[in-house]
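The file protein_1.tsv comes next; it holds TSV, C-alpha atoms.
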```tsv
chain	number	residue	atom	x	y	z
A	19	MET	CA	105.06	36.76	-43.79
A	20	ASN	CA	107.12	39.54	-42.20
A	21	ASP	CA	105.56	42.75	-40.90
A	22	ASN	CA	106.53	44.80	-43.96
A	23	GLU	CA	104.67	42.30	-46.15
A	24	ARG	CA	101.67	42.34	-43.82
A	25	TRP	CA	101.29	46.06	-43.16
A	26	VAL	CA	102.79	47.86	-46.19
A	27	ARG	CA	100.79	48.20	-49.42
A	28	PRO	CA	102.89	49.55	-52.31
A	29	TYR	CA	100.88	51.39	-54.95
A	30	GLY	CA	99.02	48.98	-57.19
A	31	THR	CA	98.94	46.09	-54.71
A	32	ALA	CA	95.71	47.15	-52.97
A	33	ALA	CA	93.55	48.08	-55.97
A	34	GLU	CA	89.86	47.23	-56.18
A	35	GLY	CA	87.49	48.13	-59.00
A	36	ALA	CA	87.68	51.86	-59.75
A	37	PHE	CA	90.07	52.45	-56.83
A	38	GLN	CA	93.82	52.27	-57.22
A	39	VAL	CA	94.09	52.10	-53.42
A	40	SER	CA	91.51	50.21	-51.34
A	41	ILE	CA	92.12	49.52	-47.66
A	42	THR	CA	89.06	48.02	-45.95
A	43	GLU	CA	88.14	45.46	-43.32
A	44	ALA	CA	88.99	42.86	-45.96
A	45	VAL	CA	92.62	43.33	-44.85
A	46	PRO	CA	93.27	40.65	-42.20
A	47	GLY	CA	93.53	42.25	-38.78
A	48	TRP	CA	92.03	45.57	-39.94
A	49	THR	CA	88.80	46.66	-38.25
A	50	HIS	CA	87.94	50.33	-37.79
A	51	THR	CA	89.20	52.45	-40.70
A	52	SER	CA	89.23	52.46	-44.48
A	53	LEU	CA	90.79	54.39	-47.34
A	54	ARG	CA	90.00	54.40	-51.04
A	55	VAL	CA	91.79	56.50	-53.65
A	56	ALA	CA	90.55	56.91	-57.22
A	57	THR	CA	92.02	58.76	-60.19
A	58	LEU	CA	89.18	60.02	-62.39
A	59	ALA	CA	89.28	61.14	-66.01
A	60	PRO	CA	87.38	64.36	-66.84
A	61	PHE	CA	83.66	63.95	-66.02
A	62	ALA	CA	84.19	60.35	-64.84
A	63	GLN	CA	82.21	59.10	-61.84
A	64	VAL	CA	82.60	56.65	-59.00
A	65	THR	CA	79.75	55.55	-56.72
A	66	VAL	CA	79.94	53.82	-53.34
A	67	GLU	CA	77.51	52.88	-50.59
A	68	THR	CA	78.84	54.10	-47.26
A	69	GLY	CA	77.14	51.25	-45.37
A	70	GLU	CA	78.27	51.30	-41.73
A	71	ASP	CA	81.04	53.81	-42.46
A	72	GLU	CA	81.17	57.58	-42.30
A	73	ILE	CA	83.36	59.06	-45.04
A	74	ILE	CA	85.36	62.24	-45.56
A	75	VAL	CA	85.89	63.03	-49.25
A	76	VAL	CA	89.30	64.66	-49.75
A	77	PRO	CA	90.40	65.91	-53.20
A	78	LEU	CA	94.10	65.16	-53.63
A	79	ALA	CA	94.40	66.76	-57.08
A	80	GLY	CA	91.76	68.62	-59.05
A	81	GLY	CA	88.17	69.27	-58.02
A	82	VAL	CA	85.10	67.03	-57.81
A	83	ASP	CA	81.35	67.25	-57.40
A	84	VAL	CA	79.93	65.25	-54.49
A	85	MET	CA	76.35	64.03	-54.39
A	86	ALA	CA	74.95	61.96	-51.53
A	87	VAL	CA	71.56	60.49	-50.78
A	88	ASP	CA	71.37	59.95	-47.04
A	89	HIS	CA	69.55	57.29	-45.00
A	90	ALA	CA	66.38	59.40	-45.00
A	91	GLY	CA	66.39	59.86	-48.78
A	92	GLU	CA	67.55	63.49	-48.62
A	93	HIS	CA	69.82	64.66	-51.47
A	94	HIS	CA	72.97	66.66	-50.70
A	95	LYS	CA	75.44	68.25	-53.10
A	96	ALA	CA	78.79	70.00	-52.77
A	97	ARG	CA	81.32	71.19	-55.30
A	98	LEU	CA	84.81	70.66	-53.92
A	99	ALA	CA	87.20	73.11	-55.53
A	100	GLY	CA	90.15	70.95	-54.54
A	101	ARG	CA	93.71	71.98	-55.44
A	102	GLU	CA	96.45	71.41	-57.97
A	103	ASN	CA	98.15	68.79	-55.80
A	104	VAL	CA	98.56	67.86	-52.14
A	105	PHE	CA	101.47	70.26	-51.68
A	106	ALA	CA	99.47	73.28	-52.92
A	107	GLY	CA	97.62	73.92	-49.64
A	108	PRO	CA	94.54	72.63	-47.83
A	109	SER	CA	91.47	71.47	-49.73
A	110	ASP	CA	87.82	71.75	-48.93
A	111	VAL	CA	86.31	68.40	-47.94
A	112	ALA	CA	82.87	66.79	-47.59
A	113	TYR	CA	81.58	64.65	-44.72
A	114	VAL	CA	79.17	61.88	-45.75
A	115	PRO	CA	77.34	59.93	-43.03
A	116	ARG	CA	76.78	56.21	-42.76
A	117	GLY	CA	73.87	54.72	-44.66
A	118	ALA	CA	74.31	56.98	-47.70
A	119	SER	CA	74.80	56.50	-51.42
A	120	LEU	CA	77.75	58.61	-52.55
A	121	THR	CA	78.65	59.66	-56.10
A	122	ILE	CA	81.81	61.59	-56.94
A	123	THR	CA	82.22	63.20	-60.36
A	124	ALA	CA	85.35	64.82	-61.77
A	125	GLY	CA	85.06	68.21	-63.41
A	126	ASP	CA	86.39	69.11	-66.84
A	127	GLY	CA	89.88	68.08	-65.72
A	128	ALA	CA	91.25	64.87	-64.25
A	129	ALA	CA	91.00	64.46	-60.49
A	130	LYS	CA	92.40	62.26	-57.75
A	131	VAL	CA	90.23	61.83	-54.68
A	132	ALA	CA	90.54	60.02	-51.35
A	133	LEU	CA	87.64	58.54	-49.39
A	134	CYS	CA	88.64	58.35	-45.73
A	135	GLY	CA	86.31	56.06	-43.78
A	136	ALA	CA	85.61	54.73	-40.31
A	137	LYS	CA	83.00	52.54	-38.67
A	138	ALA	CA	80.28	54.82	-37.27
A	139	ALA	CA	78.33	53.06	-34.54
A	140	LYS	CA	78.68	55.36	-31.53
A	141	ARG	CA	75.82	57.74	-32.37
A	142	ALA	CA	72.23	56.52	-32.46
A	143	GLU	CA	71.52	58.46	-35.68
A	144	PRO	CA	73.80	59.29	-38.62
A	145	LEU	CA	75.21	62.81	-38.56
A	146	PRO	CA	74.33	65.33	-41.30
A	147	PHE	CA	76.19	65.80	-44.58
A	148	ARG	CA	78.63	68.73	-44.44
A	149	HIS	CA	80.96	70.73	-46.68
A	150	VAL	CA	84.05	72.13	-44.92
A	151	ALA	CA	85.64	75.04	-46.80
A	152	ALA	CA	89.42	75.11	-47.27
A	153	SER	CA	89.49	78.44	-45.41
A	154	ASP	CA	88.00	76.67	-42.37
A	155	VAL	CA	90.76	74.03	-42.21
A	156	PRO	CA	93.21	74.96	-39.42
A	157	VAL	CA	96.87	74.73	-40.43
A	158	GLU	CA	99.19	73.86	-37.56
A	159	LEU	CA	102.96	74.19	-37.70
A	160	ARG	CA	104.23	71.44	-35.43
A	161	GLY	CA	107.74	70.90	-34.12
A	162	ALA	CA	110.76	73.03	-35.03
A	163	GLY	CA	114.09	72.83	-36.82
A	164	THR	CA	114.46	69.57	-38.74
A	165	ALA	CA	111.37	68.24	-36.95
A	166	SER	CA	109.17	70.98	-38.48
A	167	ARG	CA	106.04	69.86	-40.32
A	168	GLU	CA	102.68	71.27	-41.36
A	169	VAL	CA	99.43	69.64	-40.20
A	170	ARG	CA	96.11	70.37	-41.92
A	171	ASN	CA	93.43	69.47	-39.40
A	172	PHE	CA	90.29	69.10	-41.55
A	173	GLY	CA	88.95	66.02	-39.75
A	174	VAL	CA	89.93	66.33	-36.09
A	175	PRO	CA	87.36	66.56	-33.26
A	176	GLN	CA	87.85	70.30	-32.75
A	177	VAL	CA	87.00	71.01	-36.41
A	178	LEU	CA	84.59	68.32	-37.61
A	179	ASP	CA	81.84	66.68	-35.59
A	180	ALA	CA	81.85	63.00	-36.47
A	181	ASP	CA	81.11	59.61	-34.96
A	182	SER	CA	84.59	58.08	-34.80
A	183	ILE	CA	86.83	59.19	-37.68
A	184	ILE	CA	89.88	61.39	-37.10
A	185	ALA	CA	91.77	62.52	-40.21
A	186	CYS	CA	94.41	65.06	-41.16
A	187	GLU	CA	97.21	65.74	-43.66
A	188	VAL	CA	100.88	66.28	-42.86
A	189	ILE	CA	103.50	67.98	-45.05
A	190	THR	CA	107.16	67.36	-44.23
A	191	PRO	CA	109.71	69.46	-46.16
A	192	ALA	CA	112.73	67.75	-47.72
A	193	GLY	CA	115.30	66.79	-45.11
A	194	ASN	CA	112.87	66.89	-42.17
A	195	TRP	CA	111.42	64.26	-39.84
A	196	SER	CA	107.80	64.02	-38.73
A	197	SER	CA	105.63	61.67	-36.65
A	198	TYR	CA	108.37	62.42	-34.18
A	199	PRO	CA	109.07	61.67	-31.38
A	200	PRO	CA	107.73	58.17	-32.02
A	201	HIS	CA	104.39	57.79	-30.30
A	202	LYS	CA	101.58	55.31	-29.91
A	203	HIS	CA	97.83	55.24	-29.36
A	204	ASP	CA	96.87	51.60	-28.94
A	205	GLU	CA	95.41	51.46	-25.41
A	206	GLU	CA	92.36	52.99	-23.75
A	207	ARG	CA	93.69	54.93	-20.75
A	208	ASP	CA	91.30	57.59	-19.56
A	209	GLY	CA	92.63	61.06	-20.32
A	210	VAL	CA	96.04	59.68	-21.36
A	211	GLU	CA	95.75	57.52	-24.48
A	212	THR	CA	93.07	56.37	-26.89
A	213	GLU	CA	93.07	53.16	-28.92
A	214	LEU	CA	93.23	54.09	-32.61
A	215	GLU	CA	94.38	52.10	-35.62
A	216	GLU	CA	95.90	54.36	-38.29
A	217	ILE	CA	96.38	54.51	-42.05
A	218	TYR	CA	99.25	56.44	-43.64
A	219	TYR	CA	98.79	57.24	-47.35
A	220	PHE	CA	101.89	58.84	-48.91
A	221	GLU	CA	102.78	61.14	-51.77
A	222	VAL	CA	106.28	62.48	-52.50
A	223	ARG	CA	107.79	65.03	-54.87
A	224	ALA	CA	111.24	66.23	-55.84
A	225	GLU	CA	112.32	69.75	-54.94
A	226	PRO	CA	112.64	72.29	-57.77
A	227	GLY	CA	115.79	71.81	-59.82
A	228	ALA	CA	115.88	68.04	-59.45
A	229	PRO	CA	117.21	66.33	-62.61
A	230	ASP	CA	115.22	64.07	-64.87
A	231	GLY	CA	115.27	60.59	-63.42
A	232	ALA	CA	115.04	61.73	-59.79
A	233	ASP	CA	113.15	59.11	-57.75
A	234	PRO	CA	111.23	60.78	-54.87
A	235	ILE	CA	111.08	58.55	-51.80
A	236	GLY	CA	110.33	58.70	-48.10
A	237	TYR	CA	110.56	56.31	-45.17
A	238	GLN	CA	108.22	55.20	-42.38
A	239	ARG	CA	109.05	53.37	-39.17
A	240	VAL	CA	106.69	51.36	-36.91
A	241	TYR	CA	107.91	49.28	-33.99
A	242	GLY	CA	106.24	47.55	-31.07
A	243	THR	CA	106.35	46.96	-27.37
A	244	ALA	CA	107.57	43.75	-25.78
A	245	GLU	CA	103.98	42.68	-25.25
A	246	ARG	CA	102.82	43.56	-28.80
A	247	PRO	CA	105.75	43.40	-31.23
A	248	ILE	CA	105.67	44.89	-34.73
A	249	ASP	CA	108.63	45.76	-36.95
A	250	VAL	CA	108.08	47.88	-40.08
A	251	LEU	CA	110.63	49.98	-41.92
A	252	ALA	CA	109.26	50.96	-45.32
A	253	GLU	CA	110.56	52.93	-48.28
A	254	VAL	CA	107.50	54.77	-49.63
A	255	ARG	CA	106.56	56.47	-52.88
A	256	THR	CA	103.42	58.19	-54.15
A	257	GLY	CA	100.37	55.99	-53.62
A	258	ASP	CA	101.95	53.69	-51.04
A	259	VAL	CA	100.17	52.90	-47.76
A	260	VAL	CA	101.50	51.87	-44.36
A	261	LEU	CA	99.05	50.45	-41.81
A	262	VAL	CA	99.61	50.94	-38.09
A	263	PRO	CA	97.52	48.46	-36.09
A	264	HIS	CA	99.43	49.20	-32.87
A	265	GLY	CA	102.86	50.15	-31.59
A	266	TRP	CA	105.18	53.14	-31.70
A	267	HIS	CA	105.18	54.89	-35.08
A	268	GLY	CA	107.64	57.44	-36.34
A	269	PRO	CA	109.67	58.91	-37.63
A	270	ALA	CA	108.28	59.56	-41.09
A	271	MET	CA	111.35	60.73	-42.98
A	272	ALA	CA	111.65	63.10	-45.93
A	273	PRO	CA	115.15	62.63	-47.38
A	274	PRO	CA	117.01	65.69	-48.65
A	275	GLY	CA	115.64	66.63	-52.06
A	276	TYR	CA	112.16	65.16	-51.55
A	277	ASP	CA	109.09	66.65	-49.87
A	278	LEU	CA	106.80	64.16	-48.12
A	279	TYR	CA	103.00	64.20	-47.75
A	280	TYR	CA	100.85	61.79	-45.83
A	281	LEU	CA	97.14	61.49	-45.19
A	282	ASN	CA	96.24	59.96	-41.81
A	283	VAL	CA	92.97	58.15	-41.08
A	284	MET	CA	92.32	56.99	-37.51
A	285	ALA	CA	89.50	55.40	-35.51
A	286	GLY	CA	89.08	52.89	-32.72
A	287	PRO	CA	86.65	51.11	-30.44
A	288	GLY	CA	86.67	53.56	-27.52
A	289	ALA	CA	83.67	55.61	-26.52
A	290	THR	CA	85.60	58.89	-26.76
A	291	ARG	CA	86.63	60.34	-30.13
A	292	ALA	CA	90.01	61.84	-29.27
A	293	TRP	CA	93.63	61.72	-30.42
A	294	LEU	CA	95.49	61.04	-27.19
A	295	ILE	CA	99.03	59.75	-27.57
A	296	CYS	CA	102.05	58.85	-25.49
A	297	ASP	CA	105.63	59.32	-26.64
A	298	ASP	CA	108.25	56.59	-26.58
A	299	PRO	CA	109.97	57.53	-23.29
A	300	ALA	CA	113.35	56.94	-24.90
A	301	HIS	CA	112.76	59.79	-27.35
A	302	GLY	CA	110.13	62.10	-25.86
A	303	TRP	CA	112.81	64.45	-24.52
A	304	VAL	CA	113.29	65.76	-28.07
A	305	ARG	CA	110.14	67.88	-27.72
A	306	GLN	CA	111.94	70.03	-25.13
A	307	THR	CA	114.57	71.07	-27.69
A	308	TRP	CA	112.01	72.71	-29.99
A	309	ALA	CA	111.68	75.76	-27.74
A	310	GLN	CA	115.22	76.82	-28.76
A	311	GLN	CA	114.65	76.29	-32.50
A	312	ASP	CA	112.77	78.13	-35.22
A	313	VAL	CA	110.07	76.57	-37.35
A	314	ASP	CA	111.31	75.67	-40.84
A	315	PRO	CA	110.76	78.83	-42.97
A	316	ARG	CA	109.56	76.70	-45.91
A	317	LEU	CA	106.31	76.17	-43.98
A	318	PRO	CA	103.48	76.42	-44.54
A	319	MET	CA	103.48	75.16	-48.11
A	320	GLY	CA	100.87	76.50	-50.52
A	321	GLY	CA	99.20	79.04	-48.26
A	322	PRO	CA	99.55	81.77	-45.63
A	323	ARG	CA	100.73	80.97	-42.12
```

Take the structure I supplied and represent it as C-alpha cells, if you would.
Amino acid sequence: MNDNERWVRPYGTAAEGAFQVSITEAVPGWTHTSLRVATLAPFAQVTVETGEDEIIVVPLAGGVDVMAVDHAGEHHKARLAGRENVFAGPSDVAYVPRGASLTITAGDGAAKVALCGAKAAKRAEPLPFRHVAASDVPVELRGAGTASREVRNFGVPQVLDADSIIACEVITPAGNWSSYPPHKHDEERDGVETELEEIYYFEVRAEPGAPDGADPIGYQRVYGTAERPIDVLAEVRTGDVVLVPHGWHGPAMAPPGYDLYYLNVMAGPGATRAWLICDDPAHGWVRQTWAQQDVDPRLPMGGPR
C-alpha cells in the first residue's frame, strides 16, 4: 500500500452508517482526531454518543438544530443558522463535550453538517456546551498575492476553550496556493512546535461562467523527513479527505477556475493545546515576500473584511 492509498480517502470510501465521511480511530495509525460528515434530508436526524471525544458541530450547508444531554444529565439546545455553502462565509458552531449524547436535526431544508472531534482527556471534568455565533468567528486573511487565503478561526485556542481540539476553515481562491510554505507540527518542542495529527476535508467549486461539464479539483501535498518519510500527492474533489499523521504538508493548490475549501481538525498528545509550527527551511523564505504584495482582492469570500 502506497501513502496515497493509506492516507487519502476519496468521497464514498470512508462512509459509515448515516455518515458519508467517517474518519475515526478505526483508521490504522490514527489516534487523536475524528471527522464525520452527514447530508440530512429536511427534518432528518442523526444521533451520536461523544464518548471520550469533544465535538464541534459545523454546518457546511443549511442549518441544523443541536440537542445534547451532557454527562450530568443536563439538556442543551442550539439552533445553528448555518449558511448556503462553505464559500458563503463563516457559520455559527456548537461545542459538545465528552460524555454527551448528541442529536442533530435538519430544518425544513436539506443540510450538510460536519462533526469535528478529538480525544478529550486533559481536563479532569468535561467543559460546558457552547454556541459560538458566526459574528464571533474571527476571519484572518493570511499570506498575500497568489499565496492569499482566508482562515475562519472558529475552533482555535484564542476563540474556543476546549480540551485538545483545534479546528478552522480555509478558503483559497482559484489560482492560489495555501498551507504554504510547507510546514509541520509533529514534534513536542517547548514554545517551538506541538505534535498534532491533522485532517483535511475538502470542497471545491467552479468560478462563475464555467461551462457545463467543468470538473472542480484541487491538490494536496504531504511529504516527510528522512527520519519519518511520507509521500502524498492527491487530486481532491468535494468530500475527499487527506490525513496528515506527520511530515511537511503544503501546498494545498486551487487550480485556475476552481475555488478550494478545506476544514482542518487537529489534536495531539501534548499537554499544551497550541498550534505551533515550523516551516520547511527550504521554502520558509517565501513568507518574507508577502510584505511587498497585496492580499488577493477576492478575499474575504461571503462576508466583510

Could the residues of region 130-199 of chain A that have an atom at most 7 Å from region 58-81 of chain A be listed as JSON lines, each with its closest atom pair and the distance in Å to one decimal, counting all atoms listed in the file and ordered by chain and ascending residue number?
```
{"residue": "A:Lys130", "atom": "CA", "partner": "A:Ala79", "partner_atom": "CA", "distance": 5.0}
{"residue": "A:Val131", "atom": "CA", "partner": "A:Pro77", "partner_atom": "CA", "distance": 4.3}
{"residue": "A:Ala132", "atom": "CA", "partner": "A:Val76", "partner_atom": "CA", "distance": 5.1}
{"residue": "A:Leu133", "atom": "CA", "partner": "A:Val75", "partner_atom": "CA", "distance": 4.8}
{"residue": "A:Cys134", "atom": "CA", "partner": "A:Ile74", "partner_atom": "CA", "distance": 5.1}
{"residue": "A:Gly135", "atom": "CA", "partner": "A:Ile73", "partner_atom": "CA", "distance": 4.4}
{"residue": "A:Ala136", "atom": "CA", "partner": "A:Asp71", "partner_atom": "CA", "distance": 5.1}
{"residue": "A:Lys137", "atom": "CA", "partner": "A:Asp71", "partner_atom": "CA", "distance": 4.5}
{"residue": "A:Ala138", "atom": "CA", "partner": "A:Asp71", "partner_atom": "CA", "distance": 5.3}
```

Please produce an output containing C-alpha atoms for each residue in the selection, written as a JSON list (two decimals), in the coordinates of the input.
```
[["chain", "number", "residue", "atom", "x", "y", "z"],
["A", 130, "LYS", "CA", 92.40, 62.26, -57.75],
["A", 131, "VAL", "CA", 90.23, 61.83, -54.68],
["A", 132, "ALA", "CA", 90.54, 60.02, -51.35],
["A", 133, "LEU", "CA", 87.64, 58.54, -49.39],
["A", 134, "CYS", "CA", 88.64, 58.35, -45.73],
["A", 135, "GLY", "CA", 86.31, 56.06, -43.78],
["A", 136, "ALA", "CA", 85.61, 54.73, -40.31],
["A", 137, "LYS", "CA", 83.00, 52.54, -38.67],
["A", 138, "ALA", "CA", 80.28, 54.82, -37.27]]
```

Which residues, written as a CSV table (one decimal) with C-alpha atoms, keeping the file's coordinate frame, have at least one atom at most 10 Å from Asp110 (chain A), with all atoms listed in the file counted and residues fewer than 3 positions away on the same chain left out?
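Below is the file out.csv, written as the result:
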```csv
chain,number,residue,atom,x,y,z
A,75,VAL,CA,85.9,63.0,-49.2
A,76,VAL,CA,89.3,64.7,-49.8
A,77,PRO,CA,90.4,65.9,-53.2
A,81,GLY,CA,88.2,69.3,-58.0
A,96,ALA,CA,78.8,70.0,-52.8
A,97,ARG,CA,81.3,71.2,-55.3
A,98,LEU,CA,84.8,70.7,-53.9
A,99,ALA,CA,87.2,73.1,-55.5
A,100,GLY,CA,90.2,71.0,-54.5
A,101,ARG,CA,93.7,72.0,-55.4
A,149,HIS,CA,81.0,70.7,-46.7
A,150,VAL,CA,84.0,72.1,-44.9
A,151,ALA,CA,85.6,75.0,-46.8
A,152,ALA,CA,89.4,75.1,-47.3
A,153,SER,CA,89.5,78.4,-45.4
A,154,ASP,CA,88.0,76.7,-42.4
A,155,VAL,CA,90.8,74.0,-42.2
A,172,PHE,CA,90.3,69.1,-41.6
```

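For the residues A:Ala33, A:Ala139, A:Ala165, A:Val114, ranking by smallest atom-to-atom distance to Asp312 (chain A) using all atoms listed in the file places A:Ala165 first.
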
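Between Ala36 (chain A) and the candidates A:His93, A:Ile122, A:Pro200, A:Asn22, the tightest atom-to-atom separation, counting all atoms listed in the file, involves A:Ile122.
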
message = Which polymer residues, whether protein, DNA or RNA, lie within 6 Å of the coordinate (102.6, 62.6, -56.2) when you count all atoms listed in the file? List them as a PyMOL selection string, using the chain letters and numbers from the file.
response = chain A and resi 221-223+256

message = So that I can see what lies close to Trp48 (chain A), please list as an MDAnalysis selection string the residues with an atom at most 12 Å from it, counting all atoms listed in the file and leaving out residues fewer than 3 positions away in the same chain.
response = chainID A and resid 24:25 41:45 51:53 136:137 214:217 261:264 284:286

task = Work out how far apart CA of His301 (chain A) and CA of Pro199 (chain A) are and give it in Å to one decimal.
result =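 Result for CA of His301 (chain A) versus CA of Pro199 (chain A): 5.8 Å, one decimal.
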
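For the atom pair formed by CA of Pro247 (chain A) and CA of Glu23 (chain A), the distance is 15.0 Å, given to one decimal.
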
request  = Step by step: start from the point (103.5, 46.7, -47.3) in the file's coordinates, keep every protein, DNA or RNA residue that has an atom no farther than 12 Å from it, count only C-alpha atoms, and write the set as number ranges by chain.
outcome  = A: 19-32, 41, 45, 217-219, 238-240, 249-255, 257-262

Shell around region 275-278 of chain A at 6 Å using all atoms listed in the file, local window under 5 positions removed, as number ranges by chain = A: 189-192, 222-225, 234

query = Taking only C-alpha atoms into account, which of A:Gly91, A:Gly47, A:Pro269, A:Pro115 comes nearest His201 (chain A)?
reply =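 Nearest to His201 (chain A): A:Pro269.
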
Nearest candidate to Ala272 (chain A) (options A:Thr212, A:Ser182, A:Gln176, A:Ser166; using all atoms listed in the file) =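 Among A:Thr212, A:Ser182, A:Gln176, A:Ser166, it is A:Ser166 that comes nearest to Ala272 (chain A).
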
message = Let me make sure I understand: among A:Pro108, A:Gly163, A:Gly209, A:Gly125, which one has the smallest atom-to-atom distance to Gln311 (chain A) if we use all atoms listed in the file?
response =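 Ranking A:Pro108, A:Gly163, A:Gly209, A:Gly125 by distance to Gln311 (chain A), first place goes to A:Gly163.
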
inquiry  = One decimal, in Å: what's the spacing between CA of Ala128 (chain A) and CA of Phe105 (chain A)?
reply    =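 According to the coordinates, CA of Ala128 (chain A) and CA of Phe105 (chain A) are separated by 17.1 Å.
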
If I only have part of region 138-156 of chain A, can you fill in N, CA, C and O atoms and write it as a tab-separated table (two decimals), in the coordinates of the input?
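That gives us selection.tsv:
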```
chain	number	residue	atom	x	y	z
A	138	ALA	N	81.01	53.77	-37.98
A	138	ALA	CA	80.28	54.82	-37.27
A	138	ALA	C	79.11	54.18	-36.53
A	138	ALA	O	78.01	54.07	-37.07
A	139	ALA	N	79.37	53.76	-35.30
A	139	ALA	CA	78.33	53.06	-34.54
A	139	ALA	C	78.10	53.68	-33.16
A	139	ALA	O	77.30	53.16	-32.39
A	140	LYS	N	78.79	54.78	-32.87
A	140	LYS	CA	78.68	55.36	-31.53
A	140	LYS	C	77.42	56.20	-31.36
A	140	LYS	O	76.83	56.24	-30.28
A	141	ARG	N	77.01	56.89	-32.43
A	141	ARG	CA	75.82	57.74	-32.37
A	141	ARG	C	74.59	56.93	-32.77
A	141	ARG	O	74.65	56.08	-33.66
A	142	ALA	N	73.46	57.24	-32.14
A	142	ALA	CA	72.23	56.52	-32.46
A	142	ALA	C	71.75	56.81	-33.87
A	142	ALA	O	71.21	55.94	-34.55
A	143	GLU	N	71.95	58.05	-34.34
A	143	GLU	CA	71.52	58.46	-35.68
A	143	GLU	C	72.73	58.95	-36.48
A	143	GLU	O	73.66	59.54	-35.91
A	144	PRO	N	72.72	58.74	-37.80
A	144	PRO	CA	73.80	59.29	-38.62
A	144	PRO	C	73.85	60.81	-38.52
A	144	PRO	O	72.80	61.47	-38.37
A	145	LEU	N	75.03	61.36	-38.59
A	145	LEU	CA	75.21	62.81	-38.56
A	145	LEU	C	74.91	63.41	-39.93
A	145	LEU	O	74.89	62.71	-40.94
A	146	PRO	N	74.69	64.72	-40.01
A	146	PRO	CA	74.33	65.33	-41.30
A	146	PRO	C	75.53	65.46	-42.25
A	146	PRO	O	76.68	65.55	-41.82
A	147	PHE	N	75.22	65.49	-43.53
A	147	PHE	CA	76.19	65.80	-44.58
A	147	PHE	C	76.73	67.21	-44.34
A	147	PHE	O	75.99	68.11	-43.99
A	148	ARG	N	78.04	67.40	-44.60
A	148	ARG	CA	78.63	68.73	-44.44
A	148	ARG	C	79.72	68.99	-45.47
A	148	ARG	O	80.40	68.05	-45.91
A	149	HIS	N	79.88	70.26	-45.82
A	149	HIS	CA	80.96	70.73	-46.68
A	149	HIS	C	81.83	71.66	-45.85
A	149	HIS	O	81.33	72.68	-45.34
A	150	VAL	N	83.11	71.32	-45.69
A	150	VAL	CA	84.05	72.13	-44.92
A	150	VAL	C	84.93	72.89	-45.91
A	150	VAL	O	85.65	72.29	-46.71
A	151	ALA	N	84.87	74.21	-45.88
A	151	ALA	CA	85.64	75.04	-46.80
A	151	ALA	C	87.13	74.96	-46.47
A	151	ALA	O	87.52	74.78	-45.31
A	152	ALA	N	87.97	75.13	-47.49
A	152	ALA	CA	89.42	75.11	-47.27
A	152	ALA	C	89.83	76.19	-46.28
A	152	ALA	O	90.75	76.00	-45.47
A	153	SER	N	89.14	77.33	-46.32
A	153	SER	CA	89.49	78.44	-45.41
A	153	SER	C	89.16	78.12	-43.96
A	153	SER	O	89.64	78.81	-43.05
A	154	ASP	N	88.35	77.08	-43.73
A	154	ASP	CA	88.00	76.67	-42.37
A	154	ASP	C	88.86	75.53	-41.85
A	154	ASP	O	88.62	75.02	-40.75
A	155	VAL	N	89.86	75.11	-42.63
A	155	VAL	CA	90.76	74.03	-42.21
A	155	VAL	C	91.94	74.65	-41.46
A	155	VAL	O	92.76	75.37	-42.05
A	156	PRO	N	92.07	74.41	-40.16
A	156	PRO	CA	93.21	74.96	-39.42
A	156	PRO	C	94.52	74.34	-39.89
A	156	PRO	O	94.61	73.12	-40.10
```
